[in-house]
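**Student:** Sending over my_file07.pdb (PDB, C-alpha atoms).
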ATOM      1  CA  MET B  91      34.464  40.130 -20.745
ATOM      2  CA  LYS B  92      31.942  40.964 -18.037
ATOM      3  CA  LYS B  93      29.082  39.643 -20.179
ATOM      4  CA  THR B  94      30.984  36.442 -20.903
ATOM      5  CA  THR B  95      31.734  35.889 -17.206
ATOM      6  CA  SER B  96      28.120  36.577 -16.245
ATOM      7  CA  THR B  97      26.880  34.146 -18.893
ATOM      8  CA  LYS B  98      29.200  31.426 -17.608
ATOM      9  CA  ILE B  99      28.003  31.974 -14.042
ATOM     10  CA  ILE B 100      24.352  31.790 -15.106
ATOM     11  CA  LEU B 101      24.944  28.629 -17.167
ATOM     12  CA  SER B 102      26.834  27.001 -14.296
ATOM     13  CA  PHE B 103      23.999  27.858 -11.917
ATOM     14  CA  LEU B 104      21.407  26.394 -14.296
ATOM     15  CA  MET B 105      23.433  23.201 -14.655
ATOM     16  CA  ILE B 106      23.594  22.804 -10.867
ATOM     17  CA  VAL B 107      19.824  23.283 -10.587
ATOM     18  CA  ILE B 108      19.137  20.767 -13.374
ATOM     19  CA  LEU B 109      21.466  18.167 -11.851
ATOM     20  CA  SER B 110      19.924  18.703  -8.436
ATOM     21  CA  LEU B 111      16.405  18.259  -9.754
ATOM     22  CA  THR B 112      17.460  15.147 -11.640
ATOM     23  CA  GLY B 113      18.941  13.705  -8.487
ATOM     24  CA  PHE B 114      15.807  14.362  -6.466
ATOM     25  CA  SER B 115      13.503  12.842  -9.078
ATOM     26  CA  LYS B 116      15.530   9.657  -9.581
ATOM     27  CA  THR B 117      13.802   6.526  -8.302
ATOM     28  CA  LYS B 118      15.840   4.120  -6.208
ATOM     29  CA  THR B 119      16.555   0.775  -7.873
ATOM     30  CA  VAL B 120      16.713  -2.385  -5.755
ATOM     31  CA  THR B 121      17.364  -5.978  -6.753
ATOM     32  CA  SER B 122      15.083  -8.841  -5.881
ATOM     33  CA  SER B 123      16.739 -12.131  -4.922
ATOM     34  CA  TRP B 124      15.728 -15.501  -6.336
ATOM     35  CA  LEU B 125      13.642 -17.726  -4.093
ATOM     36  CA  SER B 126      14.060 -21.462  -4.502
ATOM     37  CA  SER B 127      11.174 -22.393  -2.163
ATOM     38  CA  PRO B 128       8.085 -20.327  -1.164
ATOM     39  CA  LEU B 129       8.139 -18.234   2.006
ATOM     40  CA  ASN B 130       5.663 -18.744   4.826
ATOM     41  CA  ILE B 131       3.500 -15.603   4.821
ATOM     42  CA  ASP B 132       3.020 -15.100   8.561
ATOM     43  CA  GLY B 133       3.988 -11.456   9.206
ATOM     44  CA  LEU B 134       7.373 -12.440  10.667
ATOM     45  CA  SER B 135      10.763 -11.606   9.181
ATOM     46  CA  GLY B 136      12.680 -14.646  10.479
ATOM     47  CA  ASP B 137      12.830 -16.483   7.148
ATOM     48  CA  TRP B 138      14.151 -13.352   5.368
ATOM     49  CA  GLY B 139      17.510 -13.629   7.099
ATOM     50  CA  ASP B 140      19.659 -13.486   3.950
ATOM     51  CA  ALA B 141      17.690 -10.693   2.269
ATOM     52  CA  ALA B 142      19.422  -7.372   1.534
ATOM     53  CA  LEU B 143      17.293  -4.737   3.270
ATOM     54  CA  SER B 144      16.838  -1.298   1.711
ATOM     55  CA  PHE B 145      15.967   1.709   3.882
ATOM     56  CA  GLU B 146      13.535   4.540   3.102
ATOM     57  CA  LYS B 147      14.631   7.348   5.396
ATOM     58  CA  LYS B 148      11.608   9.648   5.059
ATOM     59  CA  VAL B 149       9.272   7.008   6.557
ATOM     60  CA  SER B 150      11.826   4.957   8.555
ATOM     61  CA  VAL B 151      11.015   1.711   6.738
ATOM     62  CA  ASP B 152      13.165  -1.302   5.871
ATOM     63  CA  TYR B 153      12.039  -3.356   2.871
ATOM     64  CA  ALA B 154      13.201  -6.229   0.691
ATOM     65  CA  PHE B 155      12.011  -8.263  -2.291
ATOM     66  CA  LYS B 156      12.283 -11.881  -3.351
ATOM     67  CA  ASN B 157      10.694 -13.658  -6.276
ATOM     68  CA  ASP B 158      10.386 -17.029  -7.917
ATOM     69  CA  ALA B 159       8.891 -17.895 -11.299
ATOM     70  CA  GLU B 160       5.334 -17.190 -10.136
ATOM     71  CA  ASN B 161       5.289 -14.656  -7.295
ATOM     72  CA  LEU B 162       6.812 -11.482  -5.893
ATOM     73  CA  PHE B 163       7.394 -11.532  -2.126
ATOM     74  CA  VAL B 164       7.656  -8.271  -0.195
ATOM     75  CA  LEU B 165       8.965  -7.605   3.308
ATOM     76  CA  PHE B 166       8.026  -4.170   4.721
ATOM     77  CA  ILE B 167       9.103  -3.187   8.257
ATOM     78  CA  PHE B 168       7.948  -0.026  10.046
ATOM     79  CA  LYS B 169      10.720   0.895  12.482
ATOM     80  CA  ASP B 170       8.954   3.957  13.922
ATOM     81  CA  PRO B 171       5.210   3.724  14.780
ATOM     82  CA  LYS B 172       4.587   7.405  14.018
ATOM     83  CA  TYR B 173       4.927   6.643  10.295
ATOM     84  CA  LEU B 174       2.133   4.061  10.401
ATOM     85  CA  SER B 175      -0.277   7.000  10.101
ATOM     86  CA  SER B 176      -3.831   5.629   9.640
ATOM     87  CA  ILE B 177      -2.781   2.362   7.996
ATOM     88  CA  ASN B 178      -5.235   0.398  10.184
ATOM     89  CA  GLU B 179      -8.110   2.145   8.356
ATOM     90  CA  THR B 180      -6.629   2.861   4.916
ATOM     91  CA  GLY B 181      -4.540  -0.274   4.515
ATOM     92  CA  MET B 182      -1.456  -0.240   2.297
ATOM     93  CA  THR B 183      -1.750  -0.004  -1.482
ATOM     94  CA  LEU B 184       0.991  -1.228  -3.784
ATOM     95  CA  TRP B 185       0.884   0.337  -7.266
ATOM     96  CA  PHE B 186       2.553  -1.605 -10.094
ATOM     97  CA  ASN B 187       3.770  -0.206 -13.391
ATOM     98  CA  THR B 188       5.665  -2.260 -15.968
ATOM     99  CA  GLU B 189       6.376   0.750 -18.224
ATOM    100  CA  GLY B 190       8.708   2.545 -15.811
ATOM    101  CA  LYS B 191       6.183   5.280 -14.976
ATOM    102  CA  LYS B 192       4.779   6.504 -11.668
ATOM    103  CA  LYS B 193       1.207   5.897 -12.758
ATOM    104  CA  LYS B 194      -1.464   4.645 -10.361
ATOM    105  CA  ASN B 195      -3.494   2.643 -12.853
ATOM    106  CA  TYR B 196      -3.217  -0.799 -11.291
ATOM    107  CA  GLY B 197      -2.722  -1.588  -7.628
ATOM    108  CA  ILE B 198      -3.707  -3.863  -4.767
ATOM    109  CA  THR B 199      -4.839  -2.646  -1.336
ATOM    110  CA  PHE B 200      -3.905  -4.808   1.648
ATOM    111  CA  LEU B 201      -6.108  -4.124   4.679
ATOM    112  CA  LYS B 202      -6.262  -5.814   8.075
ATOM    113  CA  LYS B 203      -9.639  -5.232   9.700
ATOM    114  CA  LYS B 204     -11.711  -6.488  12.611
ATOM    115  CA  ILE B 205     -15.019  -8.156  11.720
ATOM    116  CA  SER B 206     -17.739  -9.830  13.772
ATOM    117  CA  ALA B 207     -18.081 -13.608  14.026
ATOM    118  CA  ASP B 208     -21.211 -13.506  11.824
ATOM    119  CA  ASP B 209     -19.407 -11.486   9.161
ATOM    120  CA  TYR B 210     -16.488 -13.910   9.324
ATOM    121  CA  ILE B 211     -18.840 -16.852   8.758
ATOM    122  CA  SER B 212     -20.349 -15.046   5.746
ATOM    123  CA  TYR B 213     -16.873 -14.384   4.374
ATOM    124  CA  LEU B 214     -15.864 -18.045   4.730
ATOM    125  CA  GLU B 215     -19.056 -19.208   3.044
ATOM    126  CA  GLN B 216     -18.382 -16.899   0.116
ATOM    127  CA  GLN B 217     -14.920 -18.415  -0.210
ATOM    128  CA  ARG B 218     -15.686 -22.114   0.239
ATOM    129  CA  GLY B 219     -19.450 -22.655   0.383
ATOM    130  CA  PRO B 220     -21.816 -23.691   3.233
ATOM    131  CA  ILE B 221     -20.251 -24.260   6.667
ATOM    132  CA  PRO B 222     -21.501 -27.007   9.027
ATOM    133  CA  GLU B 223     -23.435 -25.788  12.081
ATOM    134  CA  GLU B 224     -20.887 -27.296  14.457
ATOM    135  CA  GLU B 225     -18.101 -25.236  12.898
ATOM    136  CA  LYS B 226     -20.289 -22.115  13.001
ATOM    137  CA  LYS B 227     -20.755 -22.585  16.748
ATOM    138  CA  LYS B 228     -16.979 -22.771  17.241
ATOM    139  CA  ILE B 229     -16.454 -19.616  15.184
ATOM    140  CA  SER B 230     -19.209 -17.777  17.085
ATOM    141  CA  ALA B 231     -17.412 -18.481  20.372
ATOM    142  CA  ASN B 232     -15.186 -15.468  19.571
ATOM    143  CA  ARG B 233     -16.730 -12.015  19.182
ATOM    144  CA  SER B 234     -14.422 -10.799  16.436
ATOM    145  CA  TYR B 235     -11.759 -11.906  13.997
ATOM    146  CA  SER B 236      -8.916 -10.233  12.106
ATOM    147  CA  LEU B 237      -9.456 -10.447   8.372
ATOM    148  CA  HIS B 238      -6.524  -9.833   6.024
ATOM    149  CA  SER B 239      -8.352  -8.645   2.924
ATOM    150  CA  THR B 240      -7.074  -7.598  -0.494
ATOM    151  CA  HIS B 241      -8.759  -5.460  -3.124
ATOM    152  CA  VAL B 242      -7.621  -4.961  -6.723
ATOM    153  CA  ILE B 243      -7.755  -1.447  -8.217
ATOM    154  CA  ASN B 244      -7.708  -1.261 -12.007
ATOM    155  CA  LYS B 245      -8.603   2.229 -13.211
ATOM    156  CA  LYS B 246      -8.571   1.130 -16.844
ATOM    157  CA  SER B 247     -11.080  -1.665 -16.295
ATOM    158  CA  LYS B 248     -14.714  -1.163 -17.260
ATOM    159  CA  SER B 249     -15.821  -3.716 -14.647
ATOM    160  CA  SER B 250     -15.510  -3.352 -10.888
ATOM    161  CA  SER B 251     -16.184  -7.009 -10.045
ATOM    162  CA  GLN B 252     -13.369  -8.984  -8.463
ATOM    163  CA  PRO B 253     -12.862 -12.523  -9.836
ATOM    164  CA  SER B 254     -13.251 -15.346  -7.338
ATOM    165  CA  GLU B 255     -10.285 -17.540  -6.493
ATOM    166  CA  SER B 256      -9.851 -20.568  -8.708
ATOM    167  CA  GLY B 257      -7.239 -23.120  -9.612
ATOM    168  CA  GLU B 258      -5.754 -20.734 -12.176
ATOM    169  CA  ILE B 259      -6.234 -17.345 -10.482
ATOM    170  CA  LYS B 260      -4.089 -17.196  -7.366
ATOM    171  CA  PRO B 261      -4.763 -14.645  -4.602
ATOM    172  CA  ALA B 262      -2.484 -11.907  -3.319
ATOM    173  CA  LEU B 263      -1.881 -12.528   0.390
ATOM    174  CA  PHE B 264      -0.406 -10.726   3.354
ATOM    175  CA  ARG B 265       0.027 -10.865   7.096
ATOM    176  CA  SER B 266       1.124  -8.179   9.540
ATOM    177  CA  LYS B 267       2.361  -8.471  13.109
ATOM    178  CA  ASN B 268       4.203  -6.513  15.752
ATOM    179  CA  GLN B 269       7.727  -7.808  16.214
ATOM    180  CA  ASN B 270      10.377  -6.377  18.565
ATOM    181  CA  LYS B 271       8.681  -2.946  18.763
ATOM    182  CA  MET B 272       8.359  -2.883  14.972
ATOM    183  CA  THR B 273       5.403  -3.575  12.655
ATOM    184  CA  VAL B 274       6.113  -6.149   9.966
ATOM    185  CA  TYR B 275       4.144  -6.592   6.734
ATOM    186  CA  GLU B 276       4.798  -9.652   4.613
ATOM    187  CA  LEU B 277       3.111  -9.872   1.210
ATOM    188  CA  VAL B 278       2.979 -12.113  -1.851
ATOM    189  CA  ILE B 279       1.636 -11.041  -5.264
ATOM    190  CA  PRO B 280       1.349 -13.225  -8.399
ATOM    191  CA  LEU B 281       3.567 -12.102 -11.262
ATOM    192  CA  LYS B 282       1.051 -13.087 -13.956
ATOM    193  CA  ARG B 283      -2.337 -11.404 -14.316
ATOM    194  CA  LEU B 284      -4.923 -13.771 -15.769
ATOM    195  CA  ALA B 285      -7.867 -11.325 -15.755
ATOM    196  CA  GLU B 286      -8.032  -7.531 -15.769
ATOM    197  CA  ASN B 287      -9.304  -7.321 -12.171
ATOM    198  CA  ALA B 288      -7.382 -10.324 -10.876
ATOM    199  CA  PRO B 289      -4.447  -9.940  -8.488
ATOM    200  CA  GLY B 290      -1.317 -10.072 -10.617
ATOM    201  CA  ILE B 291       1.413  -7.684 -11.744
ATOM    202  CA  GLY B 292       1.645  -8.646 -15.408
ATOM    203  CA  THR B 293       5.369  -9.258 -15.594
ATOM    204  CA  GLU B 294       7.951 -12.058 -15.405
ATOM    205  CA  PRO B 295      11.335 -12.814 -13.823
ATOM    206  CA  GLY B 296      14.248 -10.737 -15.125
ATOM    207  CA  LYS B 297      12.137  -7.651 -15.843
ATOM    208  CA  ILE B 298      12.328  -4.238 -14.163
ATOM    209  CA  LEU B 299       9.201  -3.129 -12.355
ATOM    210  CA  LYS B 300       8.206   0.190 -10.767
ATOM    211  CA  VAL B 301       6.340  -0.145  -7.459
ATOM    212  CA  GLY B 302       4.692   2.578  -5.403
ATOM    213  CA  PHE B 303       3.897   2.117  -1.708
ATOM    214  CA  GLU B 304       1.041   4.250  -0.347
ATOM    215  CA  TRP B 305      -0.817   4.334   2.978
ATOM    216  CA  GLY B 306      -2.330   6.714   5.516
ATOM    217  CA  GLY B 307      -4.376   9.846   4.988
ATOM    218  CA  MET B 308      -8.142   9.752   5.350
ATOM    219  CA  THR B 309     -10.752   7.455   3.878
ATOM    220  CA  GLU B 310     -14.212   8.724   2.944
ATOM    221  CA  GLU B 311     -15.572   6.937   6.020
ATOM    222  CA  MET B 312     -13.077   8.763   8.249
ATOM    223  CA  LYS B 313     -14.098  12.090   6.720
ATOM    224  CA  LYS B 314     -17.777  11.339   7.353
ATOM    225  CA  ARG B 315     -17.083  10.469  10.978
ATOM    226  CA  MET B 316     -15.122  13.685  11.441
ATOM    227  CA  LEU B 317     -17.990  15.714  10.012
ATOM    228  CA  GLN B 318     -20.486  13.878  12.237
ATOM    229  CA  ARG B 319     -18.391  14.700  15.313
ATOM    230  CA  GLN B 320     -18.303  18.340  14.319
ATOM    231  CA  VAL B 321     -22.080  18.415  13.933
ATOM    232  CA  ALA B 322     -22.644  16.483  17.174
ATOM    233  CA  SER B 323     -20.469  18.915  19.126
ATOM    234  CA  GLY B 324     -22.729  21.773  18.014
ATOM    235  CA  ARG B 325     -20.008  23.715  16.225
ATOM    236  CA  ARG B 326     -20.835  25.272  12.903
ATOM    237  CA  THR B 327     -18.297  24.878  10.092
ATOM    238  CA  SER B 328     -17.925  28.626   9.704
ATOM    239  CA  GLY B 329     -17.349  29.187  13.408
ATOM    240  CA  ALA B 330     -14.767  26.453  13.768
ATOM    241  CA  ALA B 331     -12.809  27.269  10.622
ATOM    242  CA  ASP B 332     -10.249  29.308  12.566
ATOM    243  CA  SER B 333      -9.142  26.194  14.440
ATOM    244  CA  TRP B 334      -8.481  24.320  11.184
ATOM    245  CA  SER B 335      -5.684  24.712   8.690
ATOM    246  CA  GLY B 336      -7.811  27.077   6.615
ATOM    247  CA  ASP B 337      -8.909  24.770   3.789
ATOM    248  CA  LEU B 338     -12.156  22.908   3.199
ATOM    249  CA  SER B 339     -12.233  19.962   0.815
ATOM    250  CA  GLN B 340     -15.357  18.761  -0.923
ATOM    251  CA  GLY B 341     -16.195  15.193  -0.055
ATOM    252  CA  LYS B 342     -18.588  12.955  -1.963
ATOM    253  CA  GLY B 343     -22.057  14.375  -2.161
ATOM    254  CA  GLY B 344     -20.737  17.932  -1.891
ATOM    255  CA  SER B 345     -20.171  17.878   1.893
ATOM    256  CA  SER B 346     -17.397  20.086   3.201
ATOM    257  CA  VAL B 347     -14.776  18.231   5.207
ATOM    258  CA  PRO B 348     -12.286  20.148   7.355
ATOM    259  CA  LYS B 349      -8.571  19.607   6.947
ATOM    260  CA  THR B 350      -6.943  19.886  10.330
ATOM    261  CA  SER B 351      -3.383  19.703  11.519
ATOM    262  CA  ARG B 352      -4.450  16.532  13.352
ATOM    263  CA  ASN B 353      -5.412  14.736  10.162
ATOM    264  CA  PRO B 354      -3.249  11.640   9.541
ATOM    265  CA  LYS B 355      -0.662  12.122   6.816
ATOM    266  CA  LYS B 356      -0.633  10.172   3.588
ATOM    267  CA  ARG B 357       2.730   8.444   3.100
ATOM    268  CA  SER B 358       4.178   7.151  -0.157
ATOM    269  CA  PHE B 359       7.336   6.397  -2.099
ATOM    270  CA  TRP B 360       8.357   4.589  -5.303
ATOM    271  CA  VAL B 361      11.112   2.094  -6.083
ATOM    272  CA  ASP B 362      12.307   0.239  -9.168
ATOM    273  CA  ILE B 363      12.704  -3.513  -8.700
ATOM    274  CA  HIS B 364      14.948  -5.644 -10.856
ATOM    275  CA  LEU B 365      13.271  -9.042 -10.627
ATOM    276  CA  ALA B 366      15.598 -12.007 -10.206
ATOM    277  CA  GLN B 367      15.924 -14.748 -12.788
ATOM    278  CA  ASN B 368      16.677 -18.394 -12.097
ATOM    279  CA  LYS B 369      20.163 -19.223 -13.341
TER     280      LYS B 369
END
Take the structure from the file and write it as structure tokens.

**Tutor:**
Amino acid sequence: MKKTTSTKIILSFLMIVILSLTGFSKTKTVTSSWLSSPLNIDGLSGDWGDAALSFEKKVSVDYAFKNDAENLFVLFIFKDPKYLSSINETGMTLWFNTEGKKKKNYGITFLKKKISADDYISYLEQQRGPIPEEEKKKISANRSYSLHSTHVINKKSKSSSQPSESGEIKPALFRSKNQNKMTVYELVIPLKRLAENAPGIGTEPGKILKVGFEWGGMTEEMKKRMLQRQVASGRRTSGAADSWSGDLSQGKGGSSVPKTSRNPKKRSFWVDIHLAQNK
């Protein structure tokens, strides 16, 4: 009897653990709503009035999705600035997986950065060709510009070149602005992918899609700057190790980069999206 009772208790305990783990690992599923006319991508949430917002508690973010036959639209609202982490330097990467797996094989990084007037002119000329001198003078009147850039990551691709925009290949776009003490990101991503390194999810309306949001942490450039500051201050790595968290990570080129409690945190979470279908 005692053995039977003990066995039942152990089995019950194991079932509770299994159910708990299953609950924690389950990805939240949200439904995208159908969009009859394109949204204005301006970093403002005003035209999302009828969207059902979902909330991610661990990063204090509201988000919503809409789609039409060609694009997925994303609204992402940071309600607490402490969860922005180092997004101004790392940007935000959206990972897309059409097989229902949390795999980071294909993604797009959205980064807002400040560039000089000369760099902005070079960027415009790459996009649309030579610019008249009169227009260059107007652009040069400002010292810097905000550039909303996107970069496709395809780990399965053998080529790293990004295709230029054309009539067929549409860009992924975004804008971000501060609104009522919150930071709003508004993004649009093509559903179709016409080339392996082109912006595009590779899906269609009615399908279920797994999306991972990731931002923060440290870029390689940030790590290099941290190491340069350490060297400039005259502190040796071995002597300053006690003030760090205790670990040293190997950066590119074999340089040791300290991990400190002041390092910005990397933030991420995944959701399943049920794309809407026109009825």

**Student:** Please write as a list in words the list of polymer residues whose atoms come within 12 Å of (-19.3, -11.7, 12.5), counting all atoms listed in the file and keeping to the coordinates of the file.

**Tutor:** Lys203, Lys204, Ile205, Ser206, Ala207, Asp208, Asp209, Tyr210, Ile211, Ser212, Tyr213, Leu214, Lys226, Lys227, Ile229, Ser230, Ala231, Asn232, Arg233, Ser234, Tyr235, Ser236 and Leu237 of chain B

**Student:** Between CA of Phe166 in chain B and CA of Phe303 in chain B, what is the distance in Å, rounded to a tenth?

**Tutor:**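 Rounded to one decimal, the two atoms are 9.9 Å apart.
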
**Student:** Which of these, B:Leu201, B:Val151, B:Ala159, B:Met272, has the shortest distance to Glu179 in chain B once you count all atoms listed in the file?

**Tutor:**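 Looking only at the distances to Glu179 in chain B, the closest residue turns out to be B:Leu201.
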
**Student:** Go through B:Phe145, B:Tyr196, B:Trp305, B:Trp185 one by one, measure the shortest atom-to-atom distance of each to Leu165 in chain B using all atoms listed in the file, and give the residue with the smallest value.

**Tutor:**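 Of all the options, B:Phe145 lies closest to Leu165 in chain B.
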
**Student:** Using only C-alpha atoms, which residue out of B:Lys156, B:Ser127, B:Glu304, B:Pro280 lies closest to Asp140 in chain B?

**Tutor:**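 Closest to Asp140 in chain B of all the choices is B:Lys156.
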
**Student:** Which polymer residues, whether protein, DNA or RNA, lie within 9 Å of the coordinate (13.0, -0.4, 13.2) when you count all atoms listed in the file? List them as a list in words, using the chain letters and numbers from the file.

**Tutor:** Ser150, Val151, Asp152, Ile167, Phe168, Lys169, Asp170, Pro171, Asn270, Lys271, Met272 and Thr273 of chain B
